[in-house]
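Trainee: Just so it is clear, I am handing over target27.txt, which has compact mmCIF, C-alpha atoms.
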```
# COMPACT_ATOMS: atom_id res chain seq x y z
CA MET A 1 23.58 51.93 -3.60
CA ASP A 2 25.36 50.07 -6.35
CA ILE A 3 23.46 50.61 -9.61
CA ALA A 4 25.20 47.72 -11.40
CA GLY A 5 24.17 45.46 -8.52
CA PRO A 6 26.50 44.08 -5.93
CA PRO A 7 28.53 41.02 -6.97
CA PRO A 8 27.40 37.67 -5.56
CA ASP A 9 29.11 36.34 -2.45
CA ALA A 10 31.08 33.66 -4.30
CA GLU A 11 32.57 36.30 -6.62
CA VAL A 12 33.49 38.59 -3.74
CA VAL A 13 35.15 35.72 -1.90
CA ALA A 14 37.13 34.80 -5.01
CA ARG A 15 38.28 38.40 -5.42
CA VAL A 16 39.41 38.69 -1.80
CA LEU A 17 41.22 35.37 -1.94
CA GLY A 18 42.82 36.55 -5.18
CA GLY A 19 44.45 39.42 -3.29
CA ASP A 20 41.82 42.18 -3.56
CA ALA A 21 41.43 42.91 0.15
CA GLU A 22 39.29 45.98 -0.51
CA ALA A 23 36.57 43.75 -1.99
CA PHE A 24 35.88 42.60 1.55
CA GLY A 25 34.08 45.92 1.97
CA PHE A 26 31.18 44.41 -0.02
CA VAL A 27 30.87 41.66 2.58
CA ILE A 28 30.81 44.17 5.44
CA ARG A 29 28.26 46.45 3.82
CA ARG A 30 26.04 43.54 2.87
CA TYR A 31 25.89 41.78 6.22
CA GLU A 32 26.82 44.20 9.01
CA ALA A 33 23.25 45.36 9.71
CA SER A 34 21.82 41.87 10.19
CA LEU A 35 24.86 40.56 12.06
CA LEU A 36 24.81 43.59 14.36
CA ARG A 37 21.14 43.04 15.07
CA PHE A 38 21.75 39.35 15.78
CA ALA A 39 24.66 40.12 18.13
CA THR A 40 22.72 42.91 19.88
CA ARG A 41 19.79 40.59 20.52
CA MET A 42 22.18 37.92 21.79
CA LEU A 43 24.25 40.18 24.04
CA GLY A 44 21.74 42.89 24.95
CA SER A 45 24.42 45.55 24.54
CA ASN A 46 25.15 47.65 21.46
CA GLY A 47 28.80 48.18 22.34
CA ASP A 48 29.49 44.51 22.96
CA ALA A 49 27.65 43.62 19.76
CA GLU A 50 29.73 46.07 17.70
CA ASP A 51 32.94 44.58 19.13
CA ALA A 52 31.75 41.03 18.50
CA VAL A 53 30.76 41.73 14.90
CA ALA A 54 33.91 43.73 14.11
CA GLU A 55 36.08 40.95 15.52
CA SER A 56 34.05 38.41 13.56
CA PHE A 57 34.59 40.25 10.28
CA VAL A 58 38.34 40.44 10.87
CA ARG A 59 38.37 36.75 11.76
CA ALA A 60 36.30 35.92 8.68
CA TYR A 61 38.74 37.82 6.47
CA ARG A 62 41.76 36.06 7.95
CA HIS A 63 40.15 32.63 7.57
CA LEU A 64 38.24 33.25 4.36
CA ALA A 65 40.05 30.41 2.62
CA SER A 66 38.43 28.00 5.05
CA CYS A 67 34.93 29.05 3.92
CA ARG A 68 34.26 25.89 1.95
CA GLU A 69 31.03 27.09 0.36
CA PRO A 70 31.41 30.78 -0.56
CA ALA A 71 27.82 30.82 -1.78
CA ARG A 72 26.84 30.21 1.83
CA LEU A 73 28.96 33.04 3.15
CA ARG A 74 25.98 34.43 5.08
CA THR A 75 25.48 31.37 7.27
CA TRP A 76 29.28 31.08 7.73
CA LEU A 77 29.39 34.67 9.02
CA TYR A 78 26.46 34.05 11.35
CA ARG A 79 28.34 31.03 12.71
CA ILE A 80 31.41 33.14 13.50
CA VAL A 81 29.32 35.86 15.17
CA ALA A 82 27.36 33.24 17.15
CA ASN A 83 30.64 31.81 18.44
CA ARG A 84 31.96 35.26 19.37
CA CYS A 85 28.73 35.97 21.25
CA LYS A 86 28.98 32.61 23.02
CA SER A 87 32.51 33.27 24.20
CA HIS A 88 31.57 36.82 25.26
CA LEU A 89 28.66 35.48 27.31
CA SER A 90 30.96 32.92 28.96
CA ARG A 91 33.40 35.68 29.92
CA ARG A 92 30.50 37.74 31.24
CA LEU A 93 29.38 34.77 33.33
CA ARG A 94 32.90 34.45 34.76
CA GLY A 95 32.86 38.15 35.59
CA GLU A 96 35.70 38.98 33.18
CA VAL A 97 33.58 41.54 31.31
CA SER A 98 30.73 43.70 32.53
CA PHE A 99 27.28 43.92 31.04
CA ASP A 100 26.17 47.35 29.85
CA GLU A 101 22.56 47.00 28.87
CA ALA A 102 21.56 48.72 25.65
CA PRO A 103 19.34 51.72 26.33
CA PRO A 104 16.04 51.85 24.43
CA VAL A 105 16.55 53.47 21.04
CA ALA A 106 13.76 55.78 19.97
CA ASP A 107 12.66 56.30 16.41
CA PRO A 108 14.43 59.19 14.65
CA ALA A 109 11.16 61.11 14.70
CA ASP A 110 11.40 60.94 18.52
CA ASN A 111 7.63 61.23 18.83
CA GLU A 112 5.42 59.55 21.38
CA ALA A 113 4.89 56.45 19.24
CA GLY A 114 8.64 56.14 18.77
CA LEU A 115 9.32 56.35 22.49
CA GLU A 116 6.63 53.80 23.24
CA ARG A 117 8.08 51.46 20.63
CA ALA A 118 11.53 51.89 22.17
CA GLU A 119 10.15 51.00 25.58
CA GLN A 120 8.42 47.94 24.17
CA LEU A 121 11.63 46.86 22.50
CA SER A 122 13.48 47.29 25.77
CA LEU A 123 10.90 45.13 27.54
CA VAL A 124 11.08 42.40 24.91
CA GLN A 125 14.88 42.49 24.84
CA ARG A 126 14.96 42.03 28.62
CA ALA A 127 12.62 39.06 28.33
CA LEU A 128 14.81 37.61 25.59
CA LEU A 129 17.88 37.92 27.82
CA GLN A 130 16.19 35.75 30.41
CA LEU A 131 16.27 32.80 28.01
CA SER A 132 19.30 30.55 27.87
CA PRO A 133 21.79 31.60 25.15
CA GLU A 134 20.89 28.49 23.12
CA LYS A 135 17.16 29.21 23.16
CA ARG A 136 17.79 32.90 22.54
CA ALA A 137 19.95 32.17 19.51
CA ALA A 138 17.39 29.72 18.15
CA PHE A 139 14.53 32.21 18.50
CA VAL A 140 16.45 35.14 17.02
CA LEU A 141 17.80 33.17 14.08
CA LYS A 142 14.35 31.79 13.31
CA HIS A 143 12.06 34.71 13.92
CA VAL A 144 14.24 37.80 13.72
CA GLU A 145 16.75 36.80 11.06
CA GLY A 146 14.22 34.65 9.22
CA LEU A 147 16.49 31.66 8.66
CA SER A 148 15.31 28.14 7.94
CA TYR A 149 15.97 25.34 10.40
CA GLU A 150 18.48 23.87 7.94
CA GLU A 151 20.43 27.14 7.81
CA MET A 152 20.27 27.36 11.59
CA ALA A 153 21.73 23.86 11.81
CA LEU A 154 24.68 25.00 9.67
CA ILE A 155 25.24 27.96 11.98
CA THR A 156 24.89 26.30 15.35
CA GLY A 157 26.07 22.79 14.50
CA ASP A 158 22.94 21.40 16.17
CA ARG A 159 20.40 19.05 14.62
CA VAL A 160 17.11 20.34 13.22
CA PRO A 161 14.87 18.58 15.80
CA THR A 162 16.99 20.07 18.62
CA LEU A 163 16.66 23.53 17.14
CA LYS A 164 12.92 23.14 16.66
CA MET A 165 12.55 22.15 20.28
CA ARG A 166 14.59 25.19 21.37
CA VAL A 167 12.48 27.55 19.28
CA HIS A 168 9.30 26.03 20.70
CA ARG A 169 10.54 26.40 24.26
CA ALA A 170 11.70 29.96 23.56
CA ARG A 171 8.28 30.93 22.20
CA GLU A 172 6.53 29.45 25.21
CA ALA A 173 8.90 31.16 27.64
CA LEU A 174 8.49 34.52 25.91
CA LEU A 175 4.71 34.25 25.92
CA LYS A 176 4.85 33.56 29.64
CA LEU A 177 7.34 36.35 30.36
CA LEU A 178 5.35 38.86 28.30
CA GLU A 179 1.89 37.86 29.48
CA ASP A 180 1.03 41.45 30.28
CA TYR A 181 2.58 42.82 27.09
CA GLU A 182 0.05 44.14 24.58
CA MET B 1 0.70 20.10 31.68
CA ASN B 2 1.52 22.48 28.85
CA PRO B 3 -0.90 25.44 28.83
CA ILE B 4 0.17 26.43 25.30
CA ASP B 5 -1.53 24.69 22.42
CA PRO B 6 1.21 22.85 20.48
CA ARG B 7 -0.47 23.81 17.24
CA LEU B 8 0.94 27.29 17.86
CA HIS B 9 4.32 25.95 16.76
CA GLU B 10 2.87 24.23 13.72
CA VAL B 11 1.38 27.53 12.59
CA LEU B 12 4.56 29.52 13.27
CA ASP B 13 6.71 26.87 11.58
CA GLY B 14 4.50 26.97 8.50
CA GLU B 15 3.31 23.38 8.98
CA LEU B 16 -0.30 24.34 9.61
CA ASP B 17 -2.40 26.79 7.65
CA PRO B 18 -3.33 29.62 10.05
CA ALA B 19 -6.79 29.65 8.53
CA SER B 20 -7.42 26.09 9.73
CA ALA B 21 -6.09 26.79 13.23
CA PRO B 22 -8.49 27.54 16.08
CA VAL B 23 -9.32 31.19 16.48
CA GLU B 24 -7.99 31.30 20.06
CA LEU B 25 -4.51 30.51 18.76
CA GLY B 26 -4.51 33.69 16.71
CA HIS B 27 -3.75 35.91 19.68
CA ALA B 28 -0.65 33.91 20.72
CA VAL B 29 0.59 33.78 17.12
CA GLN B 30 0.19 37.53 16.80
CA ARG B 31 2.06 38.13 20.04
CA ILE B 32 5.04 36.08 18.89
CA GLN B 33 4.99 37.87 15.55
CA ALA B 34 4.83 41.24 17.30
CA VAL B 35 7.79 40.29 19.50
CA ALA B 36 9.76 39.21 16.43
CA ALA B 37 8.87 42.42 14.60
CA LEU B 38 10.12 44.53 17.50
CA LEU B 39 13.37 42.59 17.70
CA ALA B 40 13.81 42.82 13.94
CA ALA B 41 14.10 46.60 14.12
CA PRO B 42 17.47 47.71 12.79
CA VAL B 43 20.11 48.49 15.39
CA ALA B 44 21.39 52.04 15.29
CA ALA B 45 25.16 51.77 15.12
CA PRO B 46 27.99 53.42 13.21
CA SER B 47 29.26 51.46 10.21
CA LEU B 48 31.96 48.98 11.10
CA GLU B 49 33.54 49.09 7.65
CA ALA B 50 36.28 51.62 8.42
CA ARG B 51 37.17 49.89 11.69
CA VAL B 52 37.28 46.41 10.15
CA MET B 53 39.16 47.47 7.00
CA THR B 54 41.77 49.27 9.13
CA ALA B 55 42.32 46.06 11.08
CA ILE B 56 42.50 44.03 7.88
CA ARG B 57 45.04 46.33 6.21
CA ARG B 58 47.29 46.22 9.26
CA PRO B 59 49.94 43.54 8.74
CA ILE B 60 49.66 40.52 11.00
CA PRO B 61 52.54 40.40 13.50
CA SER B 62 54.86 37.45 13.08
CA ARG B 63 54.33 34.35 15.21
CA ALA B 64 57.44 35.17 17.28
CA ARG B 65 56.24 38.72 17.85
CA ARG B 66 52.83 37.50 18.96
CA LEU B 67 54.49 35.04 21.31
CA VAL B 68 56.63 37.79 22.84
CA ARG B 69 53.58 40.02 23.22
CA TRP B 70 51.67 37.19 24.86
CA LEU B 71 54.54 36.54 27.25
CA VAL B 72 54.93 40.16 28.34
CA THR B 73 51.24 41.00 28.63
CA ALA B 74 49.91 41.02 32.19
CA ARG B 75 47.07 38.57 32.67
CA ALA B 76 44.70 37.90 35.50
CA LEU B 77 44.78 34.30 36.66
CA THR B 78 41.52 33.23 38.18
CA PHE B 79 41.26 30.12 40.33
CA ARG B 80 37.86 28.82 41.16
CA VAL B 81 38.06 26.82 44.37
CA ARG B 82 35.26 25.33 46.41
CA PRO B 83 35.03 26.92 49.88
CA VAL B 84 35.87 23.59 51.51
CA TRP B 85 39.22 23.50 49.66
CA SER B 86 39.89 27.12 50.60
CA LEU B 87 39.38 26.24 54.26
CA ALA B 88 41.60 23.16 53.94
CA LEU B 89 44.34 25.25 52.33
CA ALA B 90 44.06 27.88 55.07
CA ALA B 91 44.36 25.11 57.70
CA VAL B 92 47.49 23.68 56.05
CA VAL B 93 49.10 27.13 55.87
CA ALA B 94 48.26 27.75 59.53
CA LEU B 95 49.76 24.40 60.57
CA LEU B 96 52.94 24.98 58.59
CA THR B 97 53.26 28.43 60.13
CA LEU B 98 52.63 27.31 63.69
CA PHE B 99 54.59 24.08 63.48
CA PRO B 100 57.31 24.56 60.88
CA ALA B 101 58.78 21.36 59.57
CA GLY B 102 62.54 20.91 59.56
CA HIS B 103 65.12 23.38 60.81
CA GLU B 104 65.96 26.78 59.58
CA GLY B 105 69.70 27.20 59.73
CA PRO B 106 72.29 24.68 60.86
CA TYR B 107 71.55 21.69 63.06
CA ILE B 108 72.78 22.36 66.60
CA GLY B 109 74.12 19.47 68.62
CA GLU B 110 73.64 18.88 72.29
CA HIS B 111 77.09 20.27 73.12
CA GLU B 112 77.06 23.25 70.82
CA GLY B 113 75.99 26.87 71.11
CA ILE B 114 75.33 29.87 68.90
CA VAL B 115 77.61 32.88 69.01
CA GLN B 116 77.12 36.17 67.29
CA PHE B 117 80.25 38.24 66.70
CA VAL B 118 79.54 41.93 66.13
CA GLY B 119 82.01 44.77 65.59
CA ARG B 120 81.85 48.31 64.30
CA PHE B 121 84.50 48.95 61.65
CA PRO B 122 83.48 51.87 59.38
CA GLY B 123 85.25 51.85 56.03
CA ALA B 124 86.65 48.32 56.42
CA GLN B 125 86.88 46.16 53.29
CA SER B 126 86.85 42.85 55.15
CA VAL B 127 86.54 41.62 58.72
CA HIS B 128 87.24 38.10 60.01
CA VAL B 129 87.05 36.59 63.45
CA VAL B 130 89.91 34.40 64.58
CA GLY B 131 90.45 32.58 67.84
CA THR B 132 91.17 29.38 69.61
CA PHE B 133 88.10 27.85 67.97
CA ASN B 134 89.70 28.04 64.51
CA ASP B 135 93.39 27.92 65.48
CA TRP B 136 93.70 31.68 64.73
CA ARG B 137 93.33 31.05 60.97
CA PRO B 138 92.49 34.49 59.59
CA GLU B 139 90.31 33.62 56.58
CA SER B 140 88.03 30.95 57.97
CA ILE B 141 85.12 32.97 59.53
CA PRO B 142 84.22 36.19 57.66
CA LEU B 143 81.88 38.85 59.07
CA GLU B 144 79.36 40.61 56.84
CA GLU B 145 78.38 44.23 56.66
CA VAL B 146 74.75 43.69 55.68
CA ASP B 147 73.39 47.24 55.95
CA HIS B 148 76.56 49.05 54.83
CA ASP B 149 76.53 50.96 58.12
CA GLY B 150 79.96 49.90 59.32
CA VAL B 151 78.55 47.16 61.57
CA TRP B 152 79.95 43.71 60.75
CA ARG B 153 78.36 40.49 61.98
CA ALA B 154 78.81 36.73 61.88
CA THR B 155 76.75 34.05 63.56
CA VAL B 156 78.52 30.74 64.09
CA VAL B 157 77.88 27.48 65.90
CA LEU B 158 80.73 26.42 68.15
CA PRO B 159 81.26 23.58 70.61
CA THR B 160 80.50 24.68 74.15
CA GLY B 161 83.50 26.06 76.00
CA THR B 162 85.56 29.21 76.57
CA TYR B 163 87.47 30.71 73.68
CA GLU B 164 89.86 33.61 73.08
CA TYR B 165 89.35 35.59 69.90
CA MET B 166 90.10 38.79 67.95
CA PHE B 167 88.89 40.51 64.80
CA VAL B 168 91.16 40.85 61.76
CA VAL B 169 90.29 43.97 59.79
CA ASP B 170 91.29 44.22 56.10
CA GLY B 171 93.50 41.15 56.56
CA GLU B 172 96.15 42.90 58.61
CA ARG B 173 94.80 44.83 61.58
CA TRP B 174 94.09 42.70 64.65
CA VAL B 175 91.51 44.28 66.96
CA ALA B 176 90.07 43.06 70.26
CA ASP B 177 86.31 43.01 70.72
CA ARG B 178 85.63 45.86 73.13
CA LEU B 179 82.13 44.54 73.79
CA ALA B 180 83.41 41.23 75.10
CA ASP B 181 82.56 40.32 78.66
CA ARG B 182 86.15 39.53 79.48
CA VAL B 183 89.60 40.03 78.05
CA VAL B 184 92.79 38.20 78.72
CA ALA B 185 96.43 39.11 78.02
CA ASP B 186 98.20 36.84 75.53
CA ASP B 187 101.88 35.88 75.36
CA PHE B 188 102.68 38.90 73.16
CA GLY B 189 101.35 41.49 75.54
CA ARG B 190 98.07 42.00 73.65
CA GLU B 191 94.57 41.55 75.01
CA ASN B 192 92.37 38.84 73.57
CA SER B 193 88.61 38.85 74.02
CA ILE B 194 86.91 35.95 75.73
CA VAL B 195 83.67 34.30 74.67
CA ILE B 196 81.90 31.59 76.65
CA VAL B 197 79.75 29.29 74.50
CA ARG B 198 76.88 27.68 76.33
CA PRO B 199 74.69 24.87 74.97
CA ALA B 200 71.84 26.16 72.77
CA ARG B 201 69.57 23.18 73.58
CA LEU B 202 68.62 23.03 77.22
```
Please, can you express the file's structure as structure tokens?
Mentor:
Amino acid sequence: MDIAGPPPDAEVVARVLGGDAEAFGFVIRRYEASLLRFATRMLGSNGDAEDAVAESFVRAYRHLASCREPARLRTWLYRIVANRCKSHLSRRLRGEVSFDEAPPVADPADNEAGLERAEQLSLVQRALLQLSPEKRAAFVLKHVEGLSYEEMALITGDRVPTLKMRVHRAREALLKLLEDYE
Amino acid sequence: MNPIDPRLHEVLDGELDPASAPVELGHAVQRIQAVAALLAAPVAAPSLEARVMTAIRRPIPSRARRLVRWLVTARALTFRVRPVWSLALAAVVALLTLFPAGHEGPYIGEHEGIVQFVGRFPGAQSVHVVGTFNDWRPESIPLEEVDHDGVWRATVVLPTGTYEYMFVVDGERWVADRLADRVVADDFGRENSIVIVRPARL
């Protein structure tokens, strides 16, 4: 925890571009949890998600100068991770990489409630993986990452009405797939 | 027919006050929110910072080095072919195998035949065959020792007829072919081998 408060994204970007490579650590610490969650929901595999996010960070560092709006670093990073996930899913579809499904993760307390929650998460994650990657990304960005449709448009490059339609279809599909889920 | 009330999306998108939505929508809204809450749970994973920073600190290989690495790295090439094309390709290969186009080796005329000269000369450096077919010129038809086992061979196409011949070993030693069907004495008191060339095309 940084008592003085972490520097804003634009400042961190300026420092890294000025030659302070170590300042990129702020970027990693700030965004790795949410990017990892996004990639895990997209790929359904912790290991694949870790690889995708790590590769995305390295790519972001190497191309940081092309981040035209450093204040919007967050959406730029999501865009890179979304593209990595997309290419990973394409390779999986072509059989070039295997799919190791993430096992349910129990709460640290490892009590009955934690195990049940882990099972529920596993069930929901499986339902999510049945959606097309586009609908899955739209649902996760909207409901899990809490982004606005405008931010989602910056990440995916799609128009807001298209994204709204995808989110709607994703909700309907999930409700159908999880009809028995309480 | 859409069984889901479209106002569900208006509520979840913040365009409709949940309080003014029908009560029956509440359950569906809560289910979507519960799904989102489950998926929003943090993912247990080790920090990527050390891994990423190690990769960042590592100098980027030069363009030439990357090109060399790309060239020497083994890659799987995957071809996706429709079954109908696979069958067509298999048919073409079968046809080419069964009915090869063109001729392998020299063209053989109607009045020509194939002769194979074979002799065993262990330790020889060179072996040639000379005879009436090449006016006894020593260097014109060399034999080859393919397997390095002392056995020298040459396959030649000659006009049909009967020829006298001998082997010339290492450019100086003239030796008759002991495997020849016939031998004949020459004017110098030596024995020449006889080969009869029959037409290859009947």
Trainee: Tell me which protein, DNA and RNA residues are within 6 Å of segment 190-196 of chain B, counting all atoms listed in the file, leaving out same-chain ones fewer than 3 positions away, and put them as an MDAnalysis selection string.
Mentor: chainID B and resid 161:165 176:177 180 182:186
Trainee: Write the residues of the preceding selection, restricted to C-alpha atoms, as a PDB file, keeping the file's coordinate frame.
Mentor:
```pdb
ATOM      1  CA  GLY B 161      83.500  26.060  76.000  1.00  0.00           C
ATOM      2  CA  THR B 162      85.560  29.210  76.570  1.00  0.00           C
ATOM      3  CA  TYR B 163      87.470  30.710  73.680  1.00  0.00           C
ATOM      4  CA  GLU B 164      89.860  33.610  73.080  1.00  0.00           C
ATOM      5  CA  TYR B 165      89.350  35.590  69.900  1.00  0.00           C
ATOM      6  CA  ALA B 176      90.070  43.060  70.260  1.00  0.00           C
ATOM      7  CA  ASP B 177      86.310  43.010  70.720  1.00  0.00           C
ATOM      8  CA  ALA B 180      83.410  41.230  75.100  1.00  0.00           C
ATOM      9  CA  ARG B 182      86.150  39.530  79.480  1.00  0.00           C
ATOM     10  CA  VAL B 183      89.600  40.030  78.050  1.00  0.00           C
ATOM     11  CA  VAL B 184      92.790  38.200  78.720  1.00  0.00           C
ATOM     12  CA  ALA B 185      96.430  39.110  78.020  1.00  0.00           C
ATOM     13  CA  ASP B 186      98.200  36.840  75.530  1.00  0.00           C
TER      14      ASP B 186
END
```
Trainee: Ranking A:Ala127, A:Ile155, A:Ala118, A:Ala14 by minimum distance to Tyr78 of chain A and counting only C-alpha atoms, which one comes first?
Mentor: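 Using only C-alpha atoms, the shortest distance to Tyr78 of chain A belongs to A:Ile155.
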Trainee: With a cut-off of 8 Å and counting only C-alpha atoms, select all residues of chain B in contact with chain A and give the selection as a list in words.
Mentor: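 Residues satisfying the distance criterion: Ile4, His9, Ala28, Arg31, Ile32, Gln33, Val35, Ala36, Ala37, Leu38, Leu39, Ala40, Ala41, Pro42, Val43, Ala44, Ala45, Ser47, Leu48, Glu49, Arg51, Val52, Met53, Ala55, Ile56 and Arg57 of chain B.
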Trainee: So, with only C-alpha atoms as the atoms that count, which of A:Gln130, A:Lys135, A:Leu141, A:Leu89 lies closest to Thr162 of chain A?
Mentor: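 Answer, going by the shortest atom-to-atom distance: A:Lys135.
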Trainee: Between A:Ala138, A:Leu115, A:Leu177, A:Leu93, which is the closest to Arg159 of chain A once you count all atoms listed in the file?
Mentor: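 Among the listed residues, the smallest separation from Arg159 of chain A belongs to A:Ala138.
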Trainee: Which distance in Å separates atom CA of Val11 of chain B and atom CA of Val29 of chain B, to one decimal?
Mentor: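 Atom-to-atom, atom CA of Val11 of chain B and atom CA of Val29 of chain B are spaced 7.8 Å apart.
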Trainee: So how far away is atom CA of Ala52 of chain A from atom CA of Ala65 of chain A, in Å?
Mentor: 20.8 Å
Trainee: One decimal, in Å: what's the spacing between atom CA of Glu150 of chain A and atom CA of Pro18 of chain B?
Mentor: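 Atom-to-atom, atom CA of Glu150 of chain A to atom CA of Pro18 of chain B, that is 22.7 Å.
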Trainee: Taking all atoms listed in the file into account, name the residue in B:Phe99, B:Trp174, B:Phe167, B:Trp85 that is nearest to Ile141 of chain B.
Mentor: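 Under the stated criterion, the closest residue is B:Phe167.
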Trainee: Smallest atom-to-atom distance to Arg120 of chain B: which of B:Leu143, B:Ala74, B:Leu89, B:Leu12, using all atoms listed in the file?
Mentor: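 With all atoms listed in the file as the atom set, the closest residue is B:Leu143.
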Trainee: Counting all atoms listed in the file, find the residues whose atoms lie at most 12 Å from (93.2, 46.8, 57.3) (file coordinates) and write them out as a list in words.
Mentor: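 Collected hits near the coordinates: Phe121, Pro122, Gly123, Ala124, Gln125, Ser126, Val127, His128, Phe167, Val168, Val169, Asp170, Gly171, Glu172, Arg173, Trp174 and Val175 of chain B.
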Trainee: For each of B:Asp13, B:Asp5, B:Asp149, B:Glu24, take the minimum atom-to-atom distance to Leu163 of chain A, counting only C-alpha atoms, then give the residue where this is smallest.
Mentor: B:Asp13
Trainee: Can you tell me, as a PDB file with C-alpha atoms, keeping the file's coordinate frame, what residues are no more than 9 Å from Ala21 of chain B when counting only C-alpha atoms, ignoring any on the same chain fewer than 5 positions away?
Mentor:
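Output saved as out_27.pdb:
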```pdb
ATOM      1  CA  ARG B   7      -0.470  23.810  17.240  1.00  0.00           C
ATOM      2  CA  LEU B   8       0.940  27.290  17.860  1.00  0.00           C
ATOM      3  CA  VAL B  11       1.380  27.530  12.590  1.00  0.00           C
ATOM      4  CA  LEU B  16      -0.300  24.340   9.610  1.00  0.00           C
ATOM      5  CA  GLY B  26      -4.510  33.690  16.710  1.00  0.00           C
TER       6      GLY B  26
END
```
